[in-house]
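Worksheet for the structure shown next.
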Amino acid sequence: MQYISKTIPASKRVALVAHDNRKGDLIEWCGRHKLLLEQHQLLGTGTTGARLEAATGLSVQKLLSGPLGGDQQLGARIAEGEIDLLVFFWDPFEPMPHDPDVKALLRIAAVWNIPVACNSASADMMVRSVLMGAAFERPVPDYAGYLAAR
Ligand SMILES: O=C(CO)COP(=O)(O)O
């Protein structure tokens, strides 16, 4: 795979999403890292964003609720290069009616080499490095060769 080097701006665009049984965990995590997170641009699916704003006072741009298309909106933003990090506390125990959308979001994040954290341990590592100002260059995959071969 060829990559195009892309420098990520100091103020990161952080997508925040949690399934219902994990929203408490994400609220706890965001509260713990509030001082760092408020220096970045936060966006999330509708209910997650609203719950985070109410519980932490952080400002979150709210898209549609996940089952109504919010996951797909986030996926589109990733494809358009508008998201730097994805914190997605998905539920490993409950089947979701919009499971294809969940899968699509995780897939498109893999396609575009977006760092993804699915639990507080990995999200902690993410903020300790990237959001604290560690140099972060996300190599963007160059799919020109892939497309030419099709
Ligand atoms: O379902 C979700 C992610 O798949 C999250 O959606 P809400 O934030 O609207 O609950």
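Ligands are numbered from 1 in the order shown, residues from 1 within each chain, and chains are lettered A, B, ... in the order they appear in the structure tokens.
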(request) Find the residues near Met96 in chain A: any atom within 9 Å, counting only C-alpha atoms, skip ones fewer than 3 places away on the same chain, and give them as number ranges by chain. (result) A: 19, 67, 91, 99-100, 102
Save out the residues we just selected, C-alpha atoms, as a CSV table (one decimal), in the first residue's frame.
```csv
chain,number,residue,atom,x,y,z
A,19,HIS,CA,-24.1,2.3,22.3
A,67,PRO,CA,-29.9,3.9,14.1
A,91,ASP,CA,-21.6,-2.9,22.7
A,99,ASP,CA,-25.4,-3.5,12.8
A,100,PRO,CA,-24.6,-3.1,9.1
A,102,VAL,CA,-21.8,-0.1,12.8
```
(message) Which residues are near ligand 1 in this structure, taking near to mean any atom at most 12 Å from a ligand atom and counting only C-alpha atoms and all ligand atoms? Format them as an NGL selection string.
(response) :A and (15-24 or 26-27 or 43-53 or 60-75 or 86-92 or 94-106 or 118)
(message) as a list of chain:residue names, please: every residue in range 2-145 of chain A that DSSP puts in strand (DSSP E).
(response) A:Tyr3, A:Ile4, A:Arg13, A:Val14, A:Ala15, A:Leu16, A:Val17, A:Ala18, A:Gln41, A:Leu42, A:Leu43, A:Gly44, A:Val60, A:Gln61, A:Lys62, A:Leu85, A:Leu86, A:Val87, A:Phe88, A:Phe89, A:Val116, A:Ala117, A:Val140, A:Pro141
(request) Considering only C-alpha atoms, state which residue in the set A:Asp25, A:Gly57, A:Ala144, A:Ser5 is at the smallest distance from Glu38 in chain A. (result) A:Gly57
(message) Using only C-alpha atoms, can you tell me which of A:Trp29, A:Arg13, A:Ser59, A:Tyr143 comes closest to Met125 in chain A?
(response) A:Trp29
